[in-house]
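K.L.:
So that you have it, the file is query18.csv, and it contains CSV, C-alpha atoms:
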chain,number,residue,atom,x,y,z
A,1,MET,CA,84.1,108.7,128.4
A,2,SER,CA,87.7,109.6,127.5
A,3,GLN,CA,88.6,112.9,126.0
A,4,SER,CA,89.6,111.2,122.7
A,5,ALA,CA,86.2,109.5,122.5
A,6,THR,CA,84.5,112.8,123.2
A,7,VAL,CA,86.4,114.6,120.5
A,8,ALA,CA,85.7,111.7,118.1
A,9,TRP,CA,82.0,112.0,118.8
A,10,LEU,CA,82.1,115.8,118.3
A,11,ALA,CA,84.1,115.2,115.1
A,12,LEU,CA,81.5,112.7,113.8
A,13,ARG,CA,78.8,115.2,114.6
A,14,GLU,CA,80.6,118.0,112.8
A,15,LEU,CA,81.2,115.7,109.8
A,16,TRP,CA,77.5,114.8,109.7
A,17,MET,CA,76.3,118.4,109.9
A,18,SER,CA,78.6,119.5,107.2
A,19,PHE,CA,77.8,116.5,104.9
A,20,ARG,CA,81.4,115.6,104.7
A,21,LEU,CA,80.7,112.3,106.4
A,22,LEU,CA,78.4,111.5,103.5
A,23,VAL,CA,81.1,112.6,101.0
A,24,VAL,CA,83.6,110.2,102.4
A,25,LEU,CA,81.2,107.3,102.9
A,26,VAL,CA,79.5,107.6,99.5
A,27,ALA,CA,82.8,108.0,97.7
A,28,HIS,CA,83.8,104.5,98.9
A,29,VAL,CA,80.4,102.8,98.5
A,30,VAL,CA,80.0,104.0,94.9
A,31,GLY,CA,83.1,102.0,93.9
A,32,GLY,CA,81.5,98.8,95.1
A,33,ALA,CA,78.0,99.7,93.8
A,34,VAL,CA,79.4,100.3,90.3
A,35,VAL,CA,80.9,96.8,90.3
A,36,GLY,CA,77.6,95.3,91.5
A,37,LEU,CA,75.4,97.2,89.1
A,38,LEU,CA,77.6,96.7,86.0
A,39,PRO,CA,78.5,93.0,85.9
A,40,ALA,CA,81.7,92.1,84.1
A,41,ALA,CA,84.5,89.6,84.0
A,42,PRO,CA,86.3,89.2,87.4
A,43,SER,CA,89.4,91.0,86.2
A,44,GLU,CA,87.5,94.0,84.9
A,45,SER,CA,85.3,94.1,88.1
A,46,LEU,CA,88.4,94.2,90.2
A,47,ASP,CA,89.9,96.9,88.1
A,48,ARG,CA,86.7,99.0,88.6
A,49,LEU,CA,86.7,98.3,92.3
A,50,ALA,CA,90.4,99.3,92.7
A,51,ALA,CA,89.9,102.4,90.7
A,52,GLY,CA,86.8,103.5,92.6
A,53,LEU,CA,88.5,102.9,96.0
A,54,GLY,CA,91.6,104.8,94.7
A,55,VAL,CA,89.5,107.8,93.9
A,56,ALA,CA,87.7,107.5,97.2
A,57,THR,CA,91.1,107.5,99.0
A,58,VAL,CA,92.1,110.8,97.3
A,59,ILE,CA,88.7,112.3,98.2
A,60,THR,CA,89.2,111.2,101.8
A,61,ALA,CA,92.6,112.9,102.0
A,62,ALA,CA,91.2,116.1,100.5
A,63,THR,CA,88.1,116.1,102.7
A,64,THR,CA,90.2,115.6,105.8
A,65,ALA,CA,92.7,118.3,104.9
A,66,TRP,CA,89.9,120.8,104.2
A,67,THR,CA,88.1,119.9,107.5
A,68,MET,CA,91.3,120.1,109.7
A,69,ALA,CA,92.3,123.5,108.2
A,70,ASP,CA,88.8,124.8,108.6
A,71,GLU,CA,88.5,123.6,112.2
A,72,ARG,CA,91.9,125.2,113.0
A,73,LEU,CA,91.3,128.5,111.3
A,74,ALA,CA,87.7,128.9,112.5
A,75,GLY,CA,88.8,128.7,116.1
A,76,ARG,CA,86.8,125.5,116.9
A,77,ALA,CA,90.0,123.6,117.6
A,78,ALA,CA,91.2,126.4,120.0
A,79,TRP,CA,87.8,126.3,121.8
A,80,LEU,CA,88.5,122.6,122.7
A,81,VAL,CA,92.2,123.1,123.5
A,82,THR,CA,91.4,125.9,125.9
A,83,ARG,CA,89.1,123.5,127.8
A,84,ALA,CA,91.8,121.1,128.8
A,85,VAL,CA,91.8,119.0,125.6
A,86,SER,CA,95.4,118.5,124.6
A,87,ARG,CA,96.3,119.0,120.9
A,88,GLY,CA,97.4,115.4,120.6
A,89,THR,CA,94.0,114.2,122.0
A,90,TYR,CA,92.2,116.5,119.6
A,91,LEU,CA,94.2,115.1,116.7
A,92,ALA,CA,93.6,111.5,117.8
A,93,GLY,CA,89.9,112.1,118.0
A,94,TRP,CA,89.6,113.5,114.5
A,95,PHE,CA,91.8,110.7,113.1
A,96,SER,CA,89.5,108.1,114.8
A,97,ALA,CA,86.4,109.7,113.5
A,98,VAL,CA,87.4,110.1,109.9
A,99,ALA,CA,89.2,106.7,109.8
A,100,LEU,CA,86.1,105.0,111.2
A,101,VAL,CA,83.8,106.5,108.5
A,102,ALA,CA,86.3,105.7,105.7
A,103,SER,CA,86.8,102.1,107.0
A,104,ALA,CA,83.1,101.6,107.0
A,105,GLY,CA,83.0,102.7,103.4
A,106,VAL,CA,85.8,100.4,102.4
A,107,ALA,CA,84.0,97.5,104.2
A,108,ALA,CA,80.8,98.2,102.4
A,109,ALA,CA,82.5,98.5,99.0
A,110,GLY,CA,84.4,95.2,99.7
A,111,VAL,CA,81.1,93.4,100.5
A,112,LEU,CA,79.5,94.7,97.3
A,113,GLY,CA,82.5,93.9,95.3
A,114,TRP,CA,82.7,90.3,96.6
A,115,LEU,CA,79.0,89.7,95.9
A,116,ALA,CA,79.7,90.7,92.3
A,117,ILE,CA,82.9,88.5,91.9
A,118,GLY,CA,82.6,85.9,94.7
A,119,GLY,CA,81.6,83.2,92.3
A,120,SER,CA,84.9,83.3,90.5
A,121,LEU,CA,87.2,80.4,91.4
A,122,ARG,CA,90.2,82.6,90.5
A,123,VAL,CA,89.7,84.9,93.5
A,124,ASP,CA,90.9,83.6,96.9
A,125,PRO,CA,88.5,84.8,99.7
A,126,LEU,CA,91.3,85.1,102.2
A,127,ALA,CA,93.5,87.1,99.8
A,128,PHE,CA,90.6,89.3,99.0
A,129,VAL,CA,90.0,90.1,102.7
A,130,ALA,CA,93.7,90.7,103.3
A,131,THR,CA,93.8,93.1,100.3
A,132,MET,CA,90.8,95.0,101.5
A,133,VAL,CA,92.6,95.3,104.9
A,134,GLY,CA,95.6,96.8,103.0
A,135,VAL,CA,93.2,99.2,101.2
A,136,THR,CA,91.8,100.2,104.6
A,137,ALA,CA,95.4,100.9,105.9
A,138,THR,CA,96.0,103.0,102.9
A,139,THR,CA,92.9,105.0,103.7
A,140,ALA,CA,94.2,105.5,107.2
A,141,VAL,CA,97.4,107.0,105.5
A,142,ALA,CA,95.2,109.3,103.5
A,143,VAL,CA,93.4,110.5,106.7
A,144,ALA,CA,96.7,111.1,108.5
A,145,LEU,CA,98.1,112.9,105.4
A,146,GLY,CA,95.0,115.1,105.4
A,147,LEU,CA,95.4,116.0,109.0
A,148,LEU,CA,99.1,116.9,108.5
A,149,CYS,CA,98.3,119.2,105.6
A,150,GLY,CA,95.4,120.7,107.4
A,151,SER,CA,97.6,121.4,110.5
A,152,LEU,CA,100.1,123.3,108.3
A,153,LEU,CA,98.2,125.1,105.6
A,154,ARG,CA,95.1,127.0,104.8
A,155,ALA,CA,92.1,125.0,103.4
A,156,ARG,CA,92.7,125.3,99.7
A,157,ALA,CA,96.4,124.8,99.9
A,158,ALA,CA,96.0,121.8,102.2
A,159,VAL,CA,93.6,120.2,99.8
A,160,LEU,CA,95.9,120.7,96.8
A,161,VAL,CA,98.9,119.3,98.7
A,162,ALA,CA,97.0,116.3,100.0
A,163,VAL,CA,95.6,115.5,96.5
A,164,ALA,CA,99.0,115.9,94.9
A,165,ALA,CA,100.7,113.7,97.4
A,166,SER,CA,98.0,111.1,97.0
A,167,LEU,CA,98.3,111.1,93.3
A,168,VAL,CA,102.1,110.9,93.4
A,169,ALA,CA,102.0,107.9,95.8
A,170,GLY,CA,99.4,106.2,93.6
A,171,GLY,CA,101.5,106.7,90.5
A,172,LEU,CA,104.6,105.3,92.2
A,173,ALA,CA,102.7,102.3,93.4
A,174,TRP,CA,101.3,101.6,90.0
A,175,GLY,CA,104.7,102.0,88.3
A,176,ALA,CA,106.5,99.8,90.9
A,177,ALA,CA,103.7,97.2,91.1
A,178,ALA,CA,105.9,94.4,89.9
A,179,ASP,CA,108.9,95.1,92.2
A,180,ALA,CA,107.3,96.8,95.3
A,181,PRO,CA,103.6,96.0,95.6
A,182,TRP,CA,103.8,97.0,99.3
A,183,LEU,CA,104.2,100.7,98.6
A,184,PRO,CA,101.5,103.1,99.7
A,185,GLY,CA,98.7,102.5,97.2
A,186,GLY,CA,100.0,99.1,96.4
A,187,ALA,CA,97.0,97.4,97.9
A,188,HIS,CA,94.8,99.0,95.3
A,189,VAL,CA,97.2,97.6,92.6
A,190,LEU,CA,97.1,94.2,94.2
A,191,LEU,CA,93.3,94.3,94.2
A,192,SER,CA,93.2,95.2,90.6
A,193,GLY,CA,95.4,92.3,89.5
A,194,MET,CA,94.1,89.7,92.0
A,195,ALA,CA,92.5,87.6,89.2
A,196,VAL,CA,95.7,87.1,87.3
A,197,ARG,CA,98.4,87.1,90.1
A,198,GLU,CA,99.3,83.7,91.6
A,199,THR,CA,100.2,85.0,95.1
A,200,VAL,CA,98.6,88.1,96.7
A,201,LEU,CA,98.3,87.3,100.4
A,202,PRO,CA,101.9,88.0,101.6
A,203,ASP,CA,102.1,91.3,99.6
A,204,ALA,CA,98.7,92.3,100.9
A,205,LEU,CA,99.7,91.8,104.5
A,206,ARG,CA,102.9,93.6,104.0
A,207,ALA,CA,101.1,96.5,102.4
A,208,ALA,CA,98.7,96.7,105.3
A,209,GLY,CA,101.5,96.7,107.8
A,210,ILE,CA,103.5,99.4,106.0
A,211,GLY,CA,100.3,101.4,105.6
A,212,LEU,CA,99.7,101.4,109.3
A,213,ALA,CA,103.3,102.3,110.1
A,214,LEU,CA,103.2,105.2,107.6
A,215,SER,CA,99.9,106.5,109.0
A,216,ALA,CA,101.5,106.4,112.5
A,217,ALA,CA,104.5,108.4,111.3
A,218,LEU,CA,102.2,111.0,109.6
A,219,LEU,CA,100.2,111.3,112.7
A,220,VAL,CA,103.4,112.0,114.7
A,221,ALA,CA,104.3,114.7,112.1
A,222,ALA,CA,100.8,116.1,112.3
A,223,ARG,CA,101.0,116.4,116.1
A,224,VAL,CA,104.3,118.2,115.9
A,225,ALA,CA,102.8,120.6,113.3
A,226,LEU,CA,99.6,121.1,115.4
A,227,GLU,CA,101.7,121.8,118.5
A,228,ARG,CA,103.4,124.7,116.7
A,229,ALA,CA,100.3,126.0,114.9
A,230,ASP,CA,98.3,129.0,115.9
A,231,LEU,CA,94.8,128.0,116.8
What's the structure tokens form of this structure?
P.N.:
Amino acid sequence: MSQSATVAWLALRELWMSFRLLVVLVAHVVGGAVVGLLPAAPSESLDRLAAGLGVATVITAATTAWTMADERLAGRAAWLVTRAVSRGTYLAGWFSAVALVASAGVAAAGVLGWLAIGGSLRVDPLAFVATMVGVTATTAVAVALGLLCGSLLRARAAVLVAVAASLVAGGLAWGAAADAPWLPGGAHVLLSGMAVRETVLPDALRAAGIGLALSAALLVAARVALERADL
């Protein structure tokens, strides 16, 4: 087993023992469950699903920031680094663990949401899947952002900065939905308006690609920050 996989396994174990895994997972699933339990018109259901996933994305960023700062300041990160685990490997393991949990939550919410609105002829299945991929990429951005904040700041400050940055990005995406639906958070806006927009698929794919690129850039920044941090 590679070092990254080992760190990811330890990260999942830590998330499970601290109940943070359930926080991230349930935050996403609740969005889909609300849509399934409270039937409504497709447009309203999509609005609820997008809003629920948006809140879950902010919670994911906050949880990741808190966890990373706590691991760093408690000395658990240093314990692994002193045992031949590089800081980059440590960061990659934590990103993989949290992103895996969050992606599972997005997938579950997507399935529940589709079961609630799948009978509507106005919702293209392929576009829906592409949009959910975009939402997953946005969630990866939130995880990378949380790791960056946790690598730089103490727990409370890291959470505040991660939440503030997520809300700003969401506000920009909402305000620029007509002109730049590919902005971070734009996938949620596309999901909300899927029932009334004529074409969603190209913008959804573009949003997914930009989300993955941005998460990679944030991970590079987090690695630089962690290399300079005192563990």
K.L.:
Report as number ranges by chain all protein, DNA and RNA residues lying within 12 Å of Arg223 in chain A, evaluated on all atoms listed in the file, omitting residues in the same chain fewer than 5 positions from it.
P.N.:
A: 86-92, 94-95, 144-145, 147-152, 216-218, 228-229
K.L.:
If we count only C-alpha atoms, what is near range 11-16 of chain A at a cut-off of 6 Å, once residues fewer than 4 positions away on the same chain are taken out, given as a list in words?
P.N.:
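Counting only the stated atoms, we get Val7, Arg20, Leu21, Trp94 and Ala97 of chain A.
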K.L.:
CA of Val133 in chain A and CA of Ala69 in chain A are how many Å apart?
P.N.:
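Computed distance, CA of Val133 in chain A to CA of Ala69 in chain A, equals 28.4 Å.
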K.L.:
Tell me, as a list in words, which residues lie within 6 Å of range 183-188 of chain A, counting only C-alpha atoms; anything in the same chain fewer than 6 positions away does not count.
P.N.:
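Listing them by chain and then by number gives Ala50, Thr131, Gly134, Val135, Gly170 and Ala173 of chain A.
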K.L.:
Measuring between all atoms listed in the file, which one of A:Gly171, A:Glu44, A:Gly54, A:Thr63 shows the shortest distance to Ala158 in chain A?
P.N.:
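Of the candidates, the smallest distance to Ala158 in chain A is held by A:Thr63.
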K.L.:
Restricting the calculation to all atoms listed in the file, which member of A:Ser166, A:Thr57, A:Thr82, A:Thr64 is positioned closest to Thr139 in chain A?
P.N.:
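Smallest separation from Thr139 in chain A among the options: A:Thr57.
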K.L.:
Just checking: using all atoms listed in the file, which residue out of A:Asp47, A:Gln3, A:Thr67, A:Ala40 ends up closest to Val143 in chain A?
P.N.:
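Going through A:Asp47, A:Gln3, A:Thr67, A:Ala40 one by one, the smallest distance to Val143 in chain A is for A:Thr67.
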K.L.:
Could you please determine the separation between CA of Ala225 in chain A and CA of Val55 in chain A in Å, to one decimal place?
P.N.:
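For CA of Ala225 in chain A relative to CA of Val55 in chain A, the distance reads 26.8 Å.
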K.L.:
Excluding same-chain residues fewer than 3 positions from Leu25 in chain A, what lies within 7 Å of it counting all atoms listed in the file, as a PDB file with C-alpha atoms, in the coordinates of the input?
P.N.:
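Result saved to part13.pdb:
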ATOM      1  CA  LEU A  21      80.700 112.300 106.400  1.00  0.00           C
ATOM      2  CA  LEU A  22      78.400 111.500 103.500  1.00  0.00           C
ATOM      3  CA  HIS A  28      83.800 104.500  98.900  1.00  0.00           C
ATOM      4  CA  VAL A  29      80.400 102.800  98.500  1.00  0.00           C
ATOM      5  CA  VAL A 101      83.800 106.500 108.500  1.00  0.00           C
ATOM      6  CA  ALA A 102      86.300 105.700 105.700  1.00  0.00           C
ATOM      7  CA  GLY A 105      83.000 102.700 103.400  1.00  0.00           C
TER       8      GLY A 105
END
K.L.:
To one decimal in Å, tell me the separation between CA of Leu212 in chain A and CA of Leu126 in chain A.
P.N.:
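Here the two named atoms are 19.7 Å from each other.
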K.L.:
Check the smallest atom-to-atom distance from each of A:Gly113, A:Pro39, A:Gly52, A:Gly146 to Ala27 in chain A using only C-alpha atoms, then report the winner.
P.N.:
A:Gly52
K.L.:
Fewer than 6 positions away in the same chain doesn't count, so skip those; otherwise give me all residues within 10 Å of Ala127 in chain A, counting only C-alpha atoms, as a list in words.
P.N.:
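In the requested format, the answer is Val133, Leu190, Leu191, Met194, Thr199, Val200, Leu201, Pro202, Asp203, Ala204 and Leu205 of chain A.
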